[in-house]
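A.B. asks: Contents are TSV, C-alpha atoms; file name entry-v4.tsv:
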chain	number	residue	atom	x	y	z
T	407	MET	CA	89.39	132.43	70.62
T	408	ILE	CA	92.06	131.04	72.96
T	409	LEU	CA	95.80	131.22	72.37
T	410	PRO	CA	97.12	127.68	72.94
T	411	LYS	CA	99.39	127.33	75.96
T	412	ALA	CA	102.17	125.82	73.84
T	413	ILE	CA	102.22	128.92	71.62
T	414	GLN	CA	102.29	131.21	74.67
T	415	GLN	CA	105.32	129.40	76.03
T	416	SER	CA	107.12	129.29	72.67
T	417	ALA	CA	106.38	132.98	72.06
T	418	ALA	CA	107.81	133.91	75.47
T	419	ARG	CA	110.99	131.98	74.68
T	420	LEU	CA	111.27	133.69	71.27
T	421	LEU	CA	110.85	137.13	72.84
T	422	SER	CA	113.52	136.37	75.42
T	423	THR	CA	115.92	135.10	72.76
T	424	VAL	CA	115.44	137.97	70.32
T	425	LEU	CA	115.04	140.90	72.71
T	426	GLY	CA	117.36	139.75	75.50
T	427	HIS	CA	114.96	139.87	78.47
T	428	ASP	CA	112.90	137.32	80.33
T	429	TYR	CA	109.27	137.62	79.22
T	430	GLN	CA	106.21	136.34	81.03
T	431	VAL	CA	102.88	136.08	79.22
T	432	GLU	CA	100.11	137.74	81.24
T	433	GLY	CA	97.16	137.55	78.86
T	434	PHE	CA	95.78	137.40	75.34
T	435	HIS	CA	93.05	139.34	73.54
T	436	PRO	CA	91.89	138.25	70.06
T	437	VAL	CA	91.63	140.78	67.25
T	438	SER	CA	89.51	140.59	64.10
T	439	GLY	CA	90.46	141.01	60.47
T	440	GLY	CA	92.17	137.80	59.39
T	441	CYS	CA	90.39	135.18	57.32
T	442	ILE	CA	93.24	132.61	57.26
T	443	ASN	CA	95.11	133.09	60.53
T	444	ALA	CA	94.07	133.51	64.14
T	445	ALA	CA	95.50	136.70	65.64
T	446	GLY	CA	95.55	138.85	68.73
T	447	ARG	CA	97.41	140.95	71.27
T	448	LEU	CA	99.85	139.02	73.42
T	449	ASP	CA	100.20	140.81	76.76
T	450	THR	CA	103.48	140.34	78.61
T	451	ASP	CA	105.07	141.77	81.73
T	452	GLN	CA	107.10	144.07	79.44
T	453	GLY	CA	104.39	145.24	77.08
T	454	PRO	CA	102.07	143.95	74.36
T	455	PHE	CA	102.96	142.27	71.05
T	456	PHE	CA	100.96	141.18	68.02
T	457	ILE	CA	100.81	137.44	67.32
T	458	LYS	CA	99.19	135.42	64.55
T	459	TRP	CA	99.23	131.67	64.05
T	460	ASN	CA	97.99	128.85	61.85
T	461	ASN	CA	98.47	125.19	61.02
T	462	ALA	CA	102.05	124.66	59.84
T	463	ALA	CA	101.18	121.79	57.49
T	464	ALA	CA	98.40	123.76	55.76
T	465	TYR	CA	100.53	126.83	54.97
T	466	PRO	CA	104.21	125.86	55.10
T	467	GLY	CA	106.56	128.81	55.16
T	468	MET	CA	103.78	131.41	55.14
T	469	PHE	CA	105.01	133.38	58.14
T	470	ALA	CA	108.68	133.25	57.17
T	471	ALA	CA	107.74	134.75	53.79
T	472	GLU	CA	105.50	137.36	55.44
T	473	LYS	CA	108.27	138.34	57.84
T	474	GLU	CA	110.72	138.87	54.97
T	475	GLY	CA	108.17	140.90	53.03
T	476	MET	CA	107.37	143.10	56.03
T	477	GLU	CA	111.07	143.67	56.66
T	478	ALA	CA	111.48	144.78	53.02
T	479	LEU	CA	108.66	147.32	53.51
T	480	TYR	CA	110.17	148.47	56.81
T	481	ALA	CA	113.69	149.01	55.46
T	482	PRO	CA	113.14	152.30	53.49
T	483	GLN	CA	111.63	153.95	56.59
T	484	VAL	CA	108.99	155.84	54.60
T	485	ILE	CA	105.89	154.17	56.10
T	486	ARG	CA	105.45	153.13	59.72
T	487	VAL	CA	105.71	149.33	59.56
T	488	PRO	CA	105.68	147.19	62.72
T	489	GLN	CA	109.00	145.60	63.52
T	490	MET	CA	109.16	141.85	63.14
T	491	ILE	CA	110.19	139.88	66.23
T	492	GLY	CA	110.37	136.46	64.64
T	493	VAL	CA	108.71	133.24	63.52
T	494	GLY	CA	108.27	130.26	65.81
T	495	GLU	CA	106.55	126.92	66.08
T	496	ALA	CA	104.64	125.07	68.76
T	497	GLY	CA	103.54	121.54	67.95
T	498	ALA	CA	101.46	121.63	64.77
T	499	GLU	CA	101.22	125.43	64.77
T	500	ASP	CA	103.45	128.15	63.31
T	501	PHE	CA	103.28	131.71	64.59
T	502	LEU	CA	104.53	135.18	63.70
T	503	LEU	CA	105.33	137.69	66.43
T	504	MET	CA	105.69	141.42	65.82
T	505	GLU	CA	105.53	144.84	67.43
T	506	TRP	CA	102.09	145.91	68.69
T	507	LEU	CA	100.88	149.29	67.43
T	508	GLU	CA	97.93	151.06	69.03
T	509	SER	CA	95.32	152.52	66.71
T	510	ALA	CA	93.79	155.99	66.92
T	511	PRO	CA	91.29	158.15	65.01
T	512	GLN	CA	92.70	159.30	61.69
T	513	GLN	CA	93.64	162.91	61.11
T	514	ALA	CA	91.91	164.91	58.38
T	515	ASN	CA	94.96	164.67	56.10
T	516	PHE	CA	95.48	160.94	56.68
T	517	PHE	CA	94.93	159.70	53.13
T	518	SER	CA	96.92	162.44	51.41
T	519	HIS	CA	99.80	161.77	53.82
T	520	PHE	CA	99.47	158.02	53.29
T	521	GLY	CA	99.45	158.52	49.53
T	522	ARG	CA	102.68	160.50	49.62
T	523	GLN	CA	104.27	157.80	51.76
T	524	LEU	CA	103.23	155.13	49.26
T	525	ALA	CA	104.68	157.18	46.41
T	526	ARG	CA	108.01	157.36	48.22
T	527	LEU	CA	107.88	153.62	48.88
T	528	HIS	CA	107.27	152.91	45.19
T	529	ARG	CA	110.36	154.90	44.23
T	530	HIS	CA	112.48	152.12	45.70
T	531	THR	CA	113.18	149.98	42.67
T	532	GLU	CA	115.02	146.80	41.68
T	533	THR	CA	116.70	145.60	38.53
T	534	GLN	CA	114.21	142.74	38.06
T	535	TYR	CA	110.57	141.94	38.83
T	536	GLY	CA	109.98	139.47	41.63
T	537	PHE	CA	111.10	138.91	45.19
T	538	THR	CA	113.72	137.03	47.15
T	539	GLN	CA	111.35	134.17	47.96
T	540	ASP	CA	107.92	132.82	47.07
T	541	ASN	CA	104.96	133.60	49.31
T	542	TYR	CA	101.17	133.33	49.33
T	543	ILE	CA	98.20	135.10	47.76
T	544	GLY	CA	95.55	134.48	50.39
T	545	SER	CA	95.82	130.76	51.07
T	546	LEU	CA	97.34	129.92	47.67
T	547	PRO	CA	101.09	129.61	46.97
T	548	GLN	CA	102.51	132.43	44.85
T	549	SER	CA	105.69	132.29	42.79
T	550	ASN	CA	108.01	135.31	42.80
T	551	ARG	CA	110.72	134.14	40.42
T	552	TRP	CA	112.78	137.00	39.05
T	553	GLN	CA	111.88	138.21	35.57
T	554	ASP	CA	113.57	140.86	33.42
T	555	GLU	CA	110.30	142.21	31.99
T	556	TRP	CA	107.00	143.19	33.54
T	557	VAL	CA	104.55	141.45	31.17
T	558	PRO	CA	106.21	137.99	31.34
T	559	PHE	CA	106.29	138.32	35.13
T	560	MET	CA	102.59	139.18	35.23
T	561	ILE	CA	101.70	136.22	33.01
T	562	GLU	CA	104.05	133.53	34.32
T	563	GLU	CA	104.15	134.37	38.04
T	564	ARG	CA	100.66	135.80	38.58
T	565	LEU	CA	97.92	135.09	36.04
T	566	SER	CA	98.86	131.74	34.52
T	567	PRO	CA	99.36	129.78	37.79
T	568	GLN	CA	96.00	130.96	39.15
T	569	LEU	CA	94.30	130.21	35.83
T	570	GLN	CA	95.71	126.68	35.91
T	571	ARG	CA	94.46	126.14	39.47
T	572	ALA	CA	91.01	127.39	38.52
T	573	ARG	CA	90.91	125.13	35.47
T	574	ASP	CA	92.13	122.10	37.43
T	575	GLY	CA	89.46	122.79	40.04
T	576	GLY	CA	86.71	122.89	37.45
T	577	PHE	CA	85.96	126.61	37.84
T	578	PHE	CA	87.02	127.65	34.32
T	579	ASP	CA	86.25	125.96	31.03
T	580	HIS	CA	88.24	125.97	27.80
T	581	SER	CA	86.56	129.12	26.47
T	582	THR	CA	87.65	131.06	29.55
T	583	VAL	CA	91.20	129.83	29.10
T	584	GLN	CA	91.11	131.06	25.50
T	585	GLN	CA	90.00	134.51	26.71
T	586	PHE	CA	93.01	134.63	29.00
T	587	GLU	CA	95.29	133.65	26.13
T	588	ARG	CA	93.93	136.59	24.14
T	589	LEU	CA	94.47	138.81	27.16
T	590	TYR	CA	98.11	137.72	27.40
T	591	LYS	CA	98.72	138.90	23.84
T	592	ALA	CA	97.12	142.28	24.59
T	593	LEU	CA	99.00	142.92	27.86
T	594	PRO	CA	102.02	144.69	26.29
T	595	ASP	CA	99.62	147.38	25.06
T	596	LEU	CA	97.60	147.48	28.28
T	597	LEU	CA	100.49	147.59	30.76
T	598	PRO	CA	103.12	150.22	30.01
T	599	GLU	CA	106.64	149.28	31.00
T	600	GLU	CA	107.57	150.59	34.47
T	601	PRO	CA	110.63	149.92	36.62
T	602	PRO	CA	110.20	147.25	39.29
T	603	SER	CA	108.74	148.92	42.37
T	604	LEU	CA	108.65	148.02	46.06
T	605	LEU	CA	104.98	147.62	46.97
T	606	HIS	CA	102.74	145.83	49.43
T	607	GLY	CA	100.90	143.69	46.88
T	608	ASP	CA	97.67	143.32	48.88
T	609	LEU	CA	96.89	146.84	50.05
T	610	TRP	CA	93.26	147.12	51.09
T	611	SER	CA	91.45	148.62	54.10
T	612	GLY	CA	92.15	145.55	56.23
T	613	ASN	CA	95.90	145.79	55.69
T	614	TYR	CA	96.66	149.23	57.06
T	615	LEU	CA	96.19	150.74	60.49
T	616	VAL	CA	95.80	154.32	61.64
T	617	GLY	CA	98.64	154.61	64.14
T	618	PRO	CA	98.90	156.39	67.51
T	619	GLU	CA	99.49	159.79	65.89
T	620	GLY	CA	96.51	159.51	63.57
Take the structure in the file and give it back as C-alpha cells.

C.D. replies:
Amino acid sequence: MILPKAIQQSAARLLSTVLGHDYQVEGFHPVSGGCINAAGRLDTDQGPFFIKWNNAAAYPGMFAAEKEGMEALYAPQVIRVPQMIGVGEAGAEDFLLMEWLESAPQQANFFSHFGRQLARLHRHTETQYGFTQDNYIGSLPQSNRWQDEWVPFMIEERLSPQLQRARDGGFFDHSTVQQFERLYKALPDLLPEEPPSLLHGDLWSGNYLVGPEG
C-alpha cells in the first residue's frame, strides 16, 4: 500500500495549520485492520501520526462524522482516546489524521480495567437518544436523529432502515419483513428502558488498542 503523494502534502499542510509547526513527511507504513479505509502510520520530522483515507464520493462525510464521534468519546477523559488532528481532502480522496499511539502487551488486569472505564463512559448520559449528526455503520449510512424513547430509536434509526435496504437489495422476502414487524411489537418487553448512554457503538477487538502502559 502506498500513501498518495497528494495526501502526504495535504496532510503536512493540515498538521502545520492545526498544530502550528512546519511538518515534513518522512515516510509511511501501512497498518492492517480496516476493511473500508486504507490506513497507516505517517512519519514526520516531528513524530508519527495515524492517517486513514478513502474515496470521498463513495463515503461522503464519513471522516467528519468519525472525528466528531471520537471527540465525544475523548471528552469525558475516562478512556484513552487518540486526539483528532483533523479531516482533509486531496483530489478524489478524503483523509482523517489523528494522534499515533504505540501498542504494547496487555497487563494481566487489562480487561477488568477496561470494563471499569467503559462503565464510567456509559454513565455520561443525554436527554435524548441519538447523536449530533448522522454517520455510517460499516459502509452504509446511519441515521442518528434524536428520539425521546429508546424503542422508537432502535426501530426507526437502526433496524428499519437496514431492513429496507436488505429488502430493496433482494436479500429479504416478505416473510422476513413480517418477522421483523413482530419483533418491533415485542421490543418494549425485550429492551428495558435505560437512559441514553455515551458509547462507542461498534466495540469489537479490532476497535481497541492496548496502549503503551499495557

A.B. asks: Any idea what's packed within 12 Å of T:Leu546, counting all atoms listed in the file, ignoring anything in its chain fewer than 3 positions away? Could you give it as a list in words?

C.D. replies: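 Returned residues: Ile442, Ala464, Tyr465, Pro466, Gly467, Met468, Asp540, Asn541, Tyr542, Ile543, Ser549, Arg564, Pro567, Gln568, Arg571 and Ala572 of chain T.
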
A.B. asks: Near T:Val424, within 10 Å and counting all atoms listed in the file, which residues show up once chain neighbours fewer than 4 positions away are dropped, as a ChimeraX atom specification?

C.D. replies: /T:419-420,491-492

A.B. asks: Would you give me, as a Markdown table, each residue of stretch 407-478 of chain T having an atom within 10 Å of an atom of stretch 589-611 of chain T, along with its shortest atom pair and that distance in Å to one decimal, using only C-alpha atoms and sorting by chain and residue number?

C.D. replies:
| residue | atom | partner | partner_atom | distance |
| --- | --- | --- | --- | --- |
| T:Gly439 | CA | T:Ser611 | CA | 10.0 |
| T:Gly475 | CA | T:His606 | CA | 8.2 |
| T:Met476 | CA | T:His606 | CA | 8.5 |
| T:Ala478 | CA | T:Leu604 | CA | 8.2 |

A.B. asks: Given the selection you just returned, output its residues as a file containing C-alpha atoms, formatted as an mmCIF file, in the coordinates of the input.

C.D. replies:
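Output file part-v9.cif follows:
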data_model
loop_
_atom_site.group_PDB
_atom_site.id
_atom_site.type_symbol
_atom_site.label_atom_id
_atom_site.label_comp_id
_atom_site.auth_asym_id
_atom_site.auth_seq_id
_atom_site.Cartn_x
_atom_site.Cartn_y
_atom_site.Cartn_z
ATOM 1 C CA GLY T 439 90.460 141.010 60.470
ATOM 2 C CA GLY T 475 108.170 140.900 53.030
ATOM 3 C CA MET T 476 107.370 143.100 56.030
ATOM 4 C CA ALA T 478 111.480 144.780 53.020
#

A.B. asks: What separation in Å, quoted to one decimal, exists between atom CA of T:Ala445 and atom CA of T:Pro618?

C.D. replies: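 Spanning atom CA of T:Ala445 to atom CA of T:Pro618 is a straight-line distance of 20.1 Å.
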
A.B. asks: Skip stretch 501-517 of chain T itself and residues of its chain fewer than 4 positions away, then list as an MDAnalysis selection string all residues within 9 Å of it, counting all atoms listed in the file.

C.D. replies: chainID T and resid 413 417 420:421 447:448 453:462 469:470 472:473 488:496 521:522 615:620

A.B. asks: With all atoms listed in the file as the atoms that count, which of T:Gln585, T:Ser545, T:Gln483, T:Gln414 lies nearest to T:Leu569?

C.D. replies: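 Checking each of T:Gln585, T:Ser545, T:Gln483, T:Gln414 against T:Leu569, counting all atoms listed in the file, the winner is T:Gln585.
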
A.B. asks: Calculate how many Å separate atom CA of T:Phe434 from atom CA of T:Thr450, rounding to one decimal.

C.D. replies: 8.9 Å

A.B. asks: Give me, please, the distance in Å between atom CA of T:Arg486 and atom CA of T:Gln523, quoted to one decimal.

C.D. replies: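 Answer for the atom CA of T:Arg486 to atom CA of T:Gln523 separation: 9.3 Å.
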
A.B. asks: Which polymer residues have any atom within 8 Å of an atom of T:Arg551, counting all atoms listed in the file, with same-chain residues fewer than 6 positions away left out, as a ChimeraX atom specification?

C.D. replies: /T:535-540,563
